[in-house]
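Student: Structure: query34.json, JSON, C-alpha atoms.
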```json
[["chain", "number", "residue", "atom", "x", "y", "z"],
["A", 39, "MET", "CA", 176.94, 30.47, -34.05],
["A", 40, "SER", "CA", 175.19, 32.86, -31.65],
["A", 41, "THR", "CA", 174.66, 36.52, -32.43],
["A", 42, "ALA", "CA", 176.48, 37.42, -29.22],
["A", 43, "THR", "CA", 179.57, 35.51, -30.31],
["A", 44, "ILE", "CA", 179.56, 37.13, -33.75],
["A", 45, "SER", "CA", 179.26, 40.55, -32.10],
["A", 46, "GLN", "CA", 182.10, 39.77, -29.69],
["A", 47, "ALA", "CA", 184.42, 38.76, -32.53],
["A", 48, "ALA", "CA", 183.46, 41.84, -34.53],
["A", 49, "ALA", "CA", 184.09, 44.11, -31.54],
["A", 50, "ARG", "CA", 187.57, 42.64, -31.04],
["A", 51, "LEU", "CA", 188.55, 43.36, -34.63],
["A", 52, "SER", "CA", 186.85, 46.77, -34.69],
["A", 53, "ASP", "CA", 188.67, 47.88, -31.53],
["A", 54, "ALA", "CA", 191.99, 46.77, -33.02],
["A", 55, "ALA", "CA", 191.32, 48.71, -36.21],
["A", 56, "SER", "CA", 190.34, 51.85, -34.29],
["A", 57, "SER", "CA", 193.37, 51.74, -32.00],
["A", 58, "ARG", "CA", 195.80, 50.55, -34.71],
["A", 59, "THR", "CA", 196.89, 47.91, -32.20],
["A", 60, "GLY", "CA", 196.89, 44.22, -33.01],
["A", 61, "CYS", "CA", 194.49, 41.90, -31.24],
["A", 62, "ALA", "CA", 194.25, 38.18, -30.51],
["A", 63, "PRO", "CA", 192.84, 35.95, -33.27],
["A", 64, "VAL", "CA", 189.07, 35.45, -33.26],
["A", 65, "ARG", "CA", 189.20, 31.73, -33.97],
["A", 66, "ASP", "CA", 188.87, 31.08, -30.23],
["A", 67, "LEU", "CA", 185.37, 32.57, -30.56],
["A", 68, "ILE", "CA", 184.18, 31.31, -33.94],
["A", 69, "GLY", "CA", 186.37, 28.29, -34.64],
["A", 70, "ALA", "CA", 189.28, 27.98, -37.04],
["A", 71, "GLY", "CA", 187.31, 26.39, -39.85],
["A", 72, "ASP", "CA", 183.78, 27.81, -39.64],
["A", 73, "LEU", "CA", 183.69, 29.93, -42.78],
["A", 74, "ASP", "CA", 180.02, 30.85, -42.45],
["A", 75, "ALA", "CA", 180.65, 32.22, -38.95],
["A", 76, "ALA", "CA", 183.68, 34.12, -40.22],
["A", 77, "TYR", "CA", 181.66, 35.72, -43.03],
["A", 78, "ALA", "CA", 178.96, 36.58, -40.50],
["A", 79, "VAL", "CA", 181.57, 38.55, -38.52],
["A", 80, "GLN", "CA", 182.69, 40.27, -41.73],
["A", 81, "GLU", "CA", 179.07, 41.10, -42.55],
["A", 82, "GLU", "CA", 178.58, 42.63, -39.09],
["A", 83, "LEU", "CA", 181.68, 44.80, -39.54],
["A", 84, "THR", "CA", 180.39, 45.79, -42.99],
["A", 85, "ARG", "CA", 177.03, 46.75, -41.50],
["A", 86, "GLN", "CA", 178.77, 48.93, -38.92],
["A", 87, "ARG", "CA", 180.87, 50.73, -41.53],
["A", 88, "LEU", "CA", 177.85, 51.39, -43.72],
["A", 89, "ALA", "CA", 175.97, 52.74, -40.71],
["A", 90, "ALA", "CA", 178.92, 55.07, -40.07],
["A", 91, "GLY", "CA", 178.53, 56.57, -43.55],
["A", 92, "ARG", "CA", 180.97, 54.54, -45.61],
["A", 93, "HIS", "CA", 180.07, 53.23, -49.08],
["A", 94, "ILE", "CA", 180.97, 49.95, -50.76],
["A", 95, "VAL", "CA", 183.01, 50.50, -53.94],
["A", 96, "GLY", "CA", 184.03, 46.92, -54.66],
["A", 97, "ARG", "CA", 185.43, 43.61, -53.46],
["A", 98, "LYS", "CA", 188.78, 41.94, -53.04],
["A", 99, "ILE", "CA", 189.82, 38.35, -53.46],
["A", 100, "GLY", "CA", 192.38, 36.79, -51.15],
["A", 101, "LEU", "CA", 194.14, 33.46, -50.81],
["A", 102, "THR", "CA", 194.49, 33.02, -54.57],
["A", 103, "SER", "CA", 197.99, 31.60, -54.28],
["A", 104, "PRO", "CA", 198.23, 27.79, -53.91],
["A", 105, "VAL", "CA", 201.21, 28.28, -51.60],
["A", 106, "VAL", "CA", 199.24, 30.50, -49.22],
["A", 107, "GLN", "CA", 196.27, 28.13, -49.36],
["A", 108, "GLN", "CA", 198.55, 25.29, -48.33],
["A", 109, "GLN", "CA", 199.93, 27.37, -45.45],
["A", 110, "LEU", "CA", 196.42, 27.92, -44.09],
["A", 111, "GLY", "CA", 195.22, 24.43, -44.91],
["A", 112, "VAL", "CA", 192.44, 25.53, -47.27],
["A", 113, "GLY", "CA", 191.51, 24.77, -50.85],
["A", 114, "GLN", "CA", 189.70, 27.95, -51.85],
["A", 115, "PRO", "CA", 190.09, 31.73, -51.90],
["A", 116, "ASP", "CA", 188.21, 34.19, -49.72],
["A", 117, "PHE", "CA", 186.83, 37.68, -50.25],
["A", 118, "GLY", "CA", 186.37, 41.02, -48.52],
["A", 119, "VAL", "CA", 184.66, 44.36, -49.11],
["A", 120, "LEU", "CA", 186.26, 47.57, -50.40],
["A", 121, "PHE", "CA", 185.00, 50.88, -48.99],
["A", 122, "ASP", "CA", 185.29, 54.40, -50.35],
["A", 123, "ASP", "CA", 187.78, 55.50, -47.68],
["A", 124, "MET", "CA", 190.19, 52.72, -48.72],
["A", 125, "PHE", "CA", 190.72, 54.08, -52.25],
["A", 126, "PHE", "CA", 193.82, 55.93, -53.48],
["A", 127, "SER", "CA", 194.88, 56.98, -56.97],
["A", 128, "ASP", "CA", 198.24, 56.53, -58.66],
["A", 129, "THR", "CA", 201.04, 58.50, -56.92],
["A", 130, "ASP", "CA", 198.91, 59.30, -53.86],
["A", 131, "THR", "CA", 200.46, 59.40, -50.41],
["A", 132, "VAL", "CA", 199.20, 57.06, -47.70],
["A", 133, "SER", "CA", 199.70, 57.38, -43.96],
["A", 134, "LEU", "CA", 201.68, 54.43, -42.63],
["A", 135, "ASP", "CA", 200.09, 55.11, -39.26],
["A", 136, "SER", "CA", 196.66, 54.17, -40.62],
["A", 137, "PHE", "CA", 197.51, 50.47, -40.46],
["A", 138, "VAL", "CA", 198.48, 47.83, -37.92],
["A", 139, "SER", "CA", 200.88, 45.71, -39.97],
["A", 140, "PRO", "CA", 200.65, 46.63, -43.66],
["A", 141, "ARG", "CA", 201.91, 44.64, -46.62],
["A", 142, "VAL", "CA", 201.65, 45.36, -50.36],
["A", 143, "GLU", "CA", 200.71, 43.23, -53.37],
["A", 144, "GLY", "CA", 200.52, 43.89, -57.10],
["A", 145, "GLU", "CA", 197.18, 42.94, -58.68],
["A", 146, "VAL", "CA", 194.88, 43.32, -61.67],
["A", 147, "ALA", "CA", 191.76, 45.36, -60.90],
["A", 148, "PHE", "CA", 188.53, 44.72, -62.82],
["A", 149, "VAL", "CA", 186.05, 47.60, -63.10],
["A", 150, "LEU", "CA", 182.61, 46.22, -63.90],
["A", 151, "SER", "CA", 180.13, 47.72, -66.35],
["A", 152, "ARG", "CA", 177.36, 45.20, -65.61],
["A", 153, "ASP", "CA", 176.00, 43.29, -62.62],
["A", 154, "ILE", "CA", 176.93, 39.61, -62.33],
["A", 155, "GLU", "CA", 174.08, 37.90, -60.52],
["A", 156, "ASN", "CA", 174.50, 34.41, -61.97],
["A", 157, "PRO", "CA", 175.42, 31.92, -59.18],
["A", 158, "ASN", "CA", 176.97, 29.78, -61.93],
["A", 159, "ALA", "CA", 178.99, 32.62, -63.48],
["A", 160, "THR", "CA", 181.85, 31.70, -65.80],
["A", 161, "ILE", "CA", 184.83, 33.58, -67.18],
["A", 162, "ILE", "CA", 182.60, 34.52, -70.13],
["A", 163, "ASP", "CA", 180.20, 36.30, -67.77],
["A", 164, "VAL", "CA", 183.11, 38.10, -66.12],
["A", 165, "LEU", "CA", 184.68, 39.28, -69.38],
["A", 166, "ALA", "CA", 181.30, 40.39, -70.72],
["A", 167, "ALA", "CA", 180.70, 42.41, -67.54],
["A", 168, "THR", "CA", 184.16, 44.00, -67.38],
["A", 169, "GLY", "CA", 184.33, 47.60, -68.53],
["A", 170, "PHE", "CA", 188.10, 47.93, -68.20],
["A", 171, "LEU", "CA", 191.16, 46.84, -66.24],
["A", 172, "LEU", "CA", 193.60, 48.84, -64.13],
["A", 173, "PRO", "CA", 196.89, 48.01, -62.42],
["A", 174, "ALA", "CA", 196.53, 47.98, -58.65],
["A", 175, "ILE", "CA", 198.51, 47.87, -55.45],
["A", 176, "GLU", "CA", 196.56, 46.36, -52.60],
["A", 177, "ILE", "CA", 197.61, 47.32, -49.08],
["A", 178, "VAL", "CA", 196.69, 44.30, -47.01],
["A", 179, "ASP", "CA", 196.59, 44.65, -43.23],
["A", 180, "SER", "CA", 195.79, 42.18, -40.49],
["A", 181, "ARG", "CA", 194.26, 43.45, -37.27],
["A", 182, "VAL", "CA", 195.49, 40.19, -35.70],
["A", 183, "THR", "CA", 198.85, 40.56, -33.98],
["A", 184, "GLY", "CA", 201.73, 39.17, -36.00],
["A", 185, "TRP", "CA", 199.48, 37.90, -38.80],
["A", 186, "ASP", "CA", 198.73, 34.87, -36.61],
["A", 187, "ILE", "CA", 195.76, 33.88, -38.75],
["A", 188, "THR", "CA", 193.72, 30.95, -39.97],
["A", 189, "ILE", "CA", 191.25, 31.33, -42.83],
["A", 190, "ALA", "CA", 188.50, 32.11, -40.30],
["A", 191, "ASP", "CA", 190.55, 34.96, -38.81],
["A", 192, "THR", "CA", 191.30, 36.61, -42.14],
["A", 193, "ILE", "CA", 187.73, 36.25, -43.48],
["A", 194, "ALA", "CA", 186.30, 37.78, -40.31],
["A", 195, "ASP", "CA", 188.87, 40.59, -40.62],
["A", 196, "ASN", "CA", 187.46, 41.58, -44.03],
["A", 197, "ALA", "CA", 189.97, 39.31, -45.78],
["A", 198, "SER", "CA", 192.78, 41.36, -44.22],
["A", 199, "SER", "CA", 191.85, 44.40, -46.32],
["A", 200, "GLY", "CA", 193.58, 47.71, -45.70],
["A", 201, "ALA", "CA", 193.49, 50.01, -48.73],
["A", 202, "PHE", "CA", 194.20, 50.00, -52.45],
["A", 203, "ALA", "CA", 195.69, 52.24, -55.12],
["A", 204, "LEU", "CA", 194.67, 52.16, -58.78],
["A", 205, "GLY", "CA", 196.40, 53.28, -61.95],
["A", 206, "THR", "CA", 194.69, 55.93, -64.04],
["A", 207, "THR", "CA", 194.79, 54.52, -67.58],
["A", 208, "ALA", "CA", 191.95, 52.11, -68.42],
["A", 209, "VAL", "CA", 192.82, 49.00, -70.42],
["A", 210, "ASP", "CA", 190.40, 46.97, -72.55],
["A", 211, "PRO", "CA", 190.59, 43.28, -71.53],
["A", 212, "VAL", "CA", 189.84, 42.12, -75.09],
["A", 213, "GLY", "CA", 192.89, 40.44, -76.54],
["A", 214, "LEU", "CA", 194.90, 40.59, -73.30],
["A", 215, "ASP", "CA", 196.08, 37.20, -72.02],
["A", 216, "LEU", "CA", 195.64, 37.63, -68.28],
["A", 217, "THR", "CA", 197.44, 34.37, -67.62],
["A", 218, "GLU", "CA", 200.63, 35.83, -69.03],
["A", 219, "VAL", "CA", 200.63, 39.35, -67.53],
["A", 220, "ALA", "CA", 203.82, 39.87, -65.53],
["A", 221, "LEU", "CA", 204.30, 41.83, -62.31],
["A", 222, "ARG", "CA", 207.34, 43.80, -61.15],
["A", 223, "LEU", "CA", 206.87, 45.39, -57.73],
["A", 224, "GLU", "CA", 209.71, 47.79, -56.90],
["A", 225, "HIS", "CA", 210.86, 49.71, -53.85],
["A", 226, "ARG", "CA", 213.75, 52.18, -54.15],
["A", 227, "GLY", "CA", 214.48, 50.87, -57.63],
["A", 228, "VAL", "CA", 214.83, 47.25, -56.49],
["A", 229, "VAL", "CA", 212.42, 44.51, -57.54],
["A", 230, "ILE", "CA", 210.98, 43.09, -54.31],
["A", 231, "SER", "CA", 208.18, 40.93, -55.72],
["A", 232, "SER", "CA", 207.43, 39.43, -59.12],
["A", 233, "GLY", "CA", 204.95, 37.00, -60.59],
["A", 234, "SER", "CA", 202.35, 36.48, -63.27],
["A", 235, "GLY", "CA", 198.65, 36.06, -63.84],
["A", 236, "ALA", "CA", 199.06, 32.31, -63.68],
["A", 237, "ALA", "CA", 199.87, 32.63, -59.96],
["A", 238, "CYS", "CA", 196.35, 33.97, -59.32],
["A", 239, "LEU", "CA", 194.18, 30.84, -59.50],
["A", 240, "GLY", "CA", 195.61, 30.23, -62.96],
["A", 241, "SER", "CA", 194.31, 33.59, -64.22],
["A", 242, "PRO", "CA", 192.81, 36.70, -62.59],
["A", 243, "VAL", "CA", 189.62, 36.24, -64.61],
["A", 244, "ARG", "CA", 189.16, 32.79, -63.07],
["A", 245, "ALA", "CA", 189.48, 34.36, -59.63],
["A", 246, "VAL", "CA", 186.79, 36.94, -60.42],
["A", 247, "ALA", "CA", 184.49, 34.22, -61.74],
["A", 248, "TRP", "CA", 184.90, 32.40, -58.42],
["A", 249, "LEU", "CA", 184.02, 35.60, -56.56],
["A", 250, "ALA", "CA", 180.98, 36.22, -58.78],
["A", 251, "ARG", "CA", 179.61, 32.79, -57.92],
["A", 252, "GLU", "CA", 180.40, 33.08, -54.23],
["A", 253, "GLY", "CA", 179.01, 36.61, -53.99],
["A", 254, "ALA", "CA", 175.76, 35.59, -55.66],
["A", 255, "ARG", "CA", 175.48, 32.59, -53.36],
["A", 256, "ARG", "CA", 175.98, 34.74, -50.27],
["A", 257, "GLY", "CA", 173.56, 37.45, -51.34],
["A", 258, "ARG", "CA", 176.14, 40.07, -52.37],
["A", 259, "PRO", "CA", 176.42, 39.79, -56.18],
["A", 260, "LEU", "CA", 178.99, 41.87, -58.02],
["A", 261, "LEU", "CA", 177.52, 45.14, -59.27],
["A", 262, "ALA", "CA", 178.17, 47.51, -62.15],
["A", 263, "GLY", "CA", 180.67, 50.19, -61.19],
["A", 264, "GLU", "CA", 182.41, 48.08, -58.59],
["A", 265, "VAL", "CA", 186.16, 47.50, -58.49],
["A", 266, "VAL", "CA", 187.31, 43.93, -58.02],
["A", 267, "LEU", "CA", 190.87, 43.29, -56.86],
["A", 268, "SER", "CA", 191.48, 39.87, -58.33],
["A", 269, "GLY", "CA", 194.33, 38.64, -56.14],
["A", 270, "ALA", "CA", 198.09, 38.86, -55.82],
["A", 271, "LEU", "CA", 200.32, 38.14, -58.81],
["A", 272, "GLY", "CA", 203.37, 37.71, -56.58],
["A", 273, "PRO", "CA", 204.38, 37.45, -52.91],
["A", 274, "MET", "CA", 203.14, 40.17, -50.55],
["A", 275, "ILE", "CA", 205.80, 42.39, -49.03],
["A", 276, "GLY", "CA", 205.81, 43.95, -45.56],
["A", 277, "VAL", "CA", 205.95, 47.74, -45.20],
["A", 278, "SER", "CA", 207.66, 49.01, -42.07],
["A", 279, "GLU", "CA", 209.01, 52.43, -43.09],
["A", 280, "PRO", "CA", 208.12, 55.37, -45.34],
["A", 281, "GLY", "CA", 208.85, 54.99, -49.02],
["A", 282, "THR", "CA", 207.42, 54.54, -52.50],
["A", 283, "TYR", "CA", 206.25, 51.27, -53.99],
["A", 284, "ARG", "CA", 205.63, 50.89, -57.73],
["A", 285, "ALA", "CA", 203.89, 48.01, -59.49],
["A", 286, "ASP", "CA", 204.42, 47.52, -63.23],
["A", 287, "ILE", "CA", 202.06, 45.00, -64.84],
["A", 288, "SER", "CA", 202.71, 44.14, -68.47],
["A", 289, "GLY", "CA", 199.88, 45.25, -70.74],
["A", 290, "LEU", "CA", 198.28, 47.35, -68.00],
["A", 291, "GLY", "CA", 200.90, 49.96, -67.11],
["A", 292, "HIS", "CA", 201.94, 50.99, -63.63],
["A", 293, "VAL", "CA", 200.72, 52.35, -60.32],
["A", 294, "GLU", "CA", 202.63, 53.62, -57.33],
["A", 295, "VAL", "CA", 201.89, 54.61, -53.76],
["A", 296, "THR", "CA", 204.03, 56.43, -51.20],
["A", 297, "PHE", "CA", 203.85, 55.74, -47.47],
["A", 298, "GLU", "CA", 204.69, 58.47, -44.98],
["A", 299, "ARG", "CA", 204.49, 58.97, -41.24],
["A", 300, "ASN", "CA", 202.12, 61.52, -39.72],
["A", 301, "TYR", "CA", 204.78, 62.94, -37.42]]
```
Here is a file; write its structure as structure tokens.
Tutor:
Amino acid sequence: MSTATISQAAARLSDAASSRTGCAPVRDLIGAGDLDAAYAVQEELTRQRLAAGRHIVGRKIGLTSPVVQQQLGVGQPDFGVLFDDMFFSDTDTVSLDSFVSPRVEGEVAFVLSRDIENPNATIIDVLAATGFLLPAIEIVDSRVTGWDITIADTIADNASSGAFALGTTAVDPVGLDLTEVALRLEHRGVVISSGSGAACLGSPVRAVAWLAREGARRGRPLLAGEVVLSGALGPMIGVSEPGTYRADISGLGHVEVTFERNY
């Protein structure tokens, strides 16, 4: 894939993000199944954000649900980069106007205390490198109009990352069965999404082990201090109006985020 084509795809997504207006998919430029080209676009967008003064604070894993993988015709997850300006704490308020087409998911966040540079990393490596866990709400957002995406489109678009909110009480992963943790995502007191750790590649720790291997292979190993959003525990839910969303994850506590308009 030529550098010019990668730059053209990156510019399309960057312009959409800046204008908060959806754009056409980029698969017409890079192909619907060329994952290396898609990650090259993501890397170019990452380079631009770092040059603009942003800092990487972690990673996110997407496409951990078998159902979503089937919808996109893929057999593996993908990943994106988390930047400092994407982070919110429990009960913070987020501008709805900062996104194109936001959706929310409840997830388990891993905060690492050690680097994981092993390209053959296992769940043992992940657990040994995890300092603590936090409940998280990921705000996913596609810059592609109407979420008309293939895996190449979402990878190029930083795995459809938008923002994320973290709870404030750290939880030791020792003794916690991450396969069995249960999610309740509520809006206005009504449960709108539910699921369990088993829905995330069988367990969130398995998802992070996949990311550790893939990151090492692609030259971006997981680093101490980084936050890793391990993937959705239940279906993602669209956000079209102001309001508060609360995720309760058994064994980890809760986190909530409130969306409001700027006007």
Student: Residues at most 9 Å from A:Arg50, counting all atoms listed in the file, excluding those fewer than 2 positions away in the same chain, as a list in words?
Tutor: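 Close residues of A:Arg50: Ser45, Gln46, Ala47, Ala48, Ser52, Asp53, Ala54, Ala55, Cys61, Ala62, Pro63 and Val64 of chain A.
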Student: Expressed in Å to a single decimal, how great is the separation between atom CA of A:His225 and atom CA of A:Gly269?
Tutor: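 Atom CA of A:Gly269 lies 20.0 Å from atom CA of A:His225.
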Student: Per residue of stretch 124-175 of chain A within 9 Å of stretch 237-249 of chain A, which atom pair is closest and at what distance in Å (one decimal), using only C-alpha atoms, listed by chain and increasing number, as a tab-separated table?
Tutor:
```
residue	atom	partner	partner_atom	distance
A:Glu145	CA	A:Pro242	CA	8.6
A:Val146	CA	A:Pro242	CA	7.0
A:Ala147	CA	A:Pro242	CA	8.9
A:Phe148	CA	A:Val246	CA	8.3
A:Asn158	CA	A:Ala247	CA	8.7
A:Ala159	CA	A:Ala247	CA	6.0
A:Thr160	CA	A:Ala247	CA	5.5
A:Ile161	CA	A:Ala247	CA	5.5
A:Ile162	CA	A:Ala247	CA	8.6
A:Asp163	CA	A:Ala247	CA	7.7
A:Val164	CA	A:Ala247	CA	6.0
A:Leu165	CA	A:Val243	CA	7.5
```
Student: Using all atoms listed in the file, find each residue of stretch 110-166 of chain A with at least one atom at most 10 Å away from an atom of stretch 270-286 of chain A; report its shortest atom-to-atom pair and that distance in Å (one decimal), sort the rows by chain and rising residue number, and return the result as a Markdown table.
Tutor:
```
| residue | atom | partner | partner_atom | distance |
| --- | --- | --- | --- | --- |
| A:Asp128 | CA | A:Arg284 | CA | 9.3 |
| A:Thr129 | CA | A:Thr282 | CA | 8.7 |
| A:Asp130 | CA | A:Thr282 | CA | 9.8 |
| A:Thr131 | CA | A:Thr282 | CA | 8.7 |
| A:Val132 | CA | A:Pro280 | CA | 9.4 |
| A:Ser133 | CA | A:Pro280 | CA | 8.8 |
| A:Leu134 | CA | A:Pro280 | CA | 7.0 |
| A:Ser139 | CA | A:Val277 | CA | 7.6 |
| A:Pro140 | CA | A:Val277 | CA | 5.6 |
| A:Arg141 | CA | A:Gly276 | CA | 4.1 |
| A:Val142 | CA | A:Ile275 | CA | 5.3 |
| A:Glu143 | CA | A:Met274 | CA | 4.8 |
| A:Gly144 | CA | A:Ala270 | CA | 5.7 |
| A:Glu145 | CA | A:Ala270 | CA | 5.1 |
| A:Val146 | CA | A:Ala270 | CA | 8.0 |
```
Student: Could you give me, as a list of chain:residue names, the residues within 7 Å of stretch 110-116 of chain A, counting all atoms listed in the file and dropping anything in the same chain fewer than 4 positions from it?
Tutor: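 After dropping sequence-adjacent residues, the list is A:Ile99, A:Gly100, A:Leu101, A:Thr102, A:Val106, A:Thr188, A:Ile189, A:Ile193, A:Ala197.
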Student: So the first atom is atom CA of A:Val212 and the second is atom CA of A:Leu260; what is the distance between them in Å, to one decimal place?
Tutor: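 Atom CA of A:Leu260 lies at a distance of 20.2 Å from atom CA of A:Val212.
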Student: Could you check which residues have any atom within 12 Å of (177.1, 47.3, -61.7), counting only C-alpha atoms with coordinates taken straight from the file, and then list them as number ranges by chain?
Tutor: A: 94-96, 148-155, 164, 167-169, 258-266
Student: Would you compute the distance between atom CA of A:Arg222 and atom CA of A:Ile287? Give it in Å to one decimal.
Tutor: 6.6 Å
Student: Ranking A:Ser234, A:Ser198, A:Ser268, A:Thr59 by minimum distance to A:Leu172 and counting all atoms listed in the file, which one comes first?
Tutor: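 The answer is A:Ser268, which sits nearest to A:Leu172.
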Student: Can you work out which one of A:Pro104, A:Gly227, A:Pro173, A:Gly257 has the shortest atom-to-atom distance to A:Phe202, counting all atoms listed in the file?
Tutor: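 Of all the options, A:Pro173 lies closest to A:Phe202.
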Student: Which is closest to A:Thr206 among A:His292, A:Arg299, A:Lys98, A:Arg87, if we use only C-alpha atoms?
Tutor: A:His292
Student: Please list, as a list in words, the residues that have an atom at most 10 Å away from (180.1, 35.7, -30.9) in the coordinates of this file, counting only C-alpha atoms.
Tutor: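 Using only C-alpha atoms, the matching residues come out as Met39, Ser40, Thr41, Ala42, Thr43, Ile44, Ser45, Gln46, Ala47, Ala48, Ala49, Val64, Asp66, Leu67, Ile68, Ala75, Ala78 and Val79 of chain A.
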Student: Which of these, A:Glu218, A:Val229, A:Leu290, A:Ser127, has the shortest distance to A:Phe170 once you count all atoms listed in the file?
Tutor: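 Counting all atoms listed in the file, the residue closest to A:Phe170 is A:Leu290.
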Student: Would you mind listing what lies within 9 Å of A:Ile187 as a PyMOL selection string, with all atoms listed in the file counted and same-chain residues fewer than 2 positions away left out?
Tutor: chain A and resi 63-65+70+110+180+182-185+189-192
Student: Would you please work out which residue, of A:Asp195, A:Asp122, A:Asp135, A:Asp179, is nearest to A:Glu81 when using all atoms listed in the file?
Tutor: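 With all atoms listed in the file as the atom set, the closest residue is A:Asp195.
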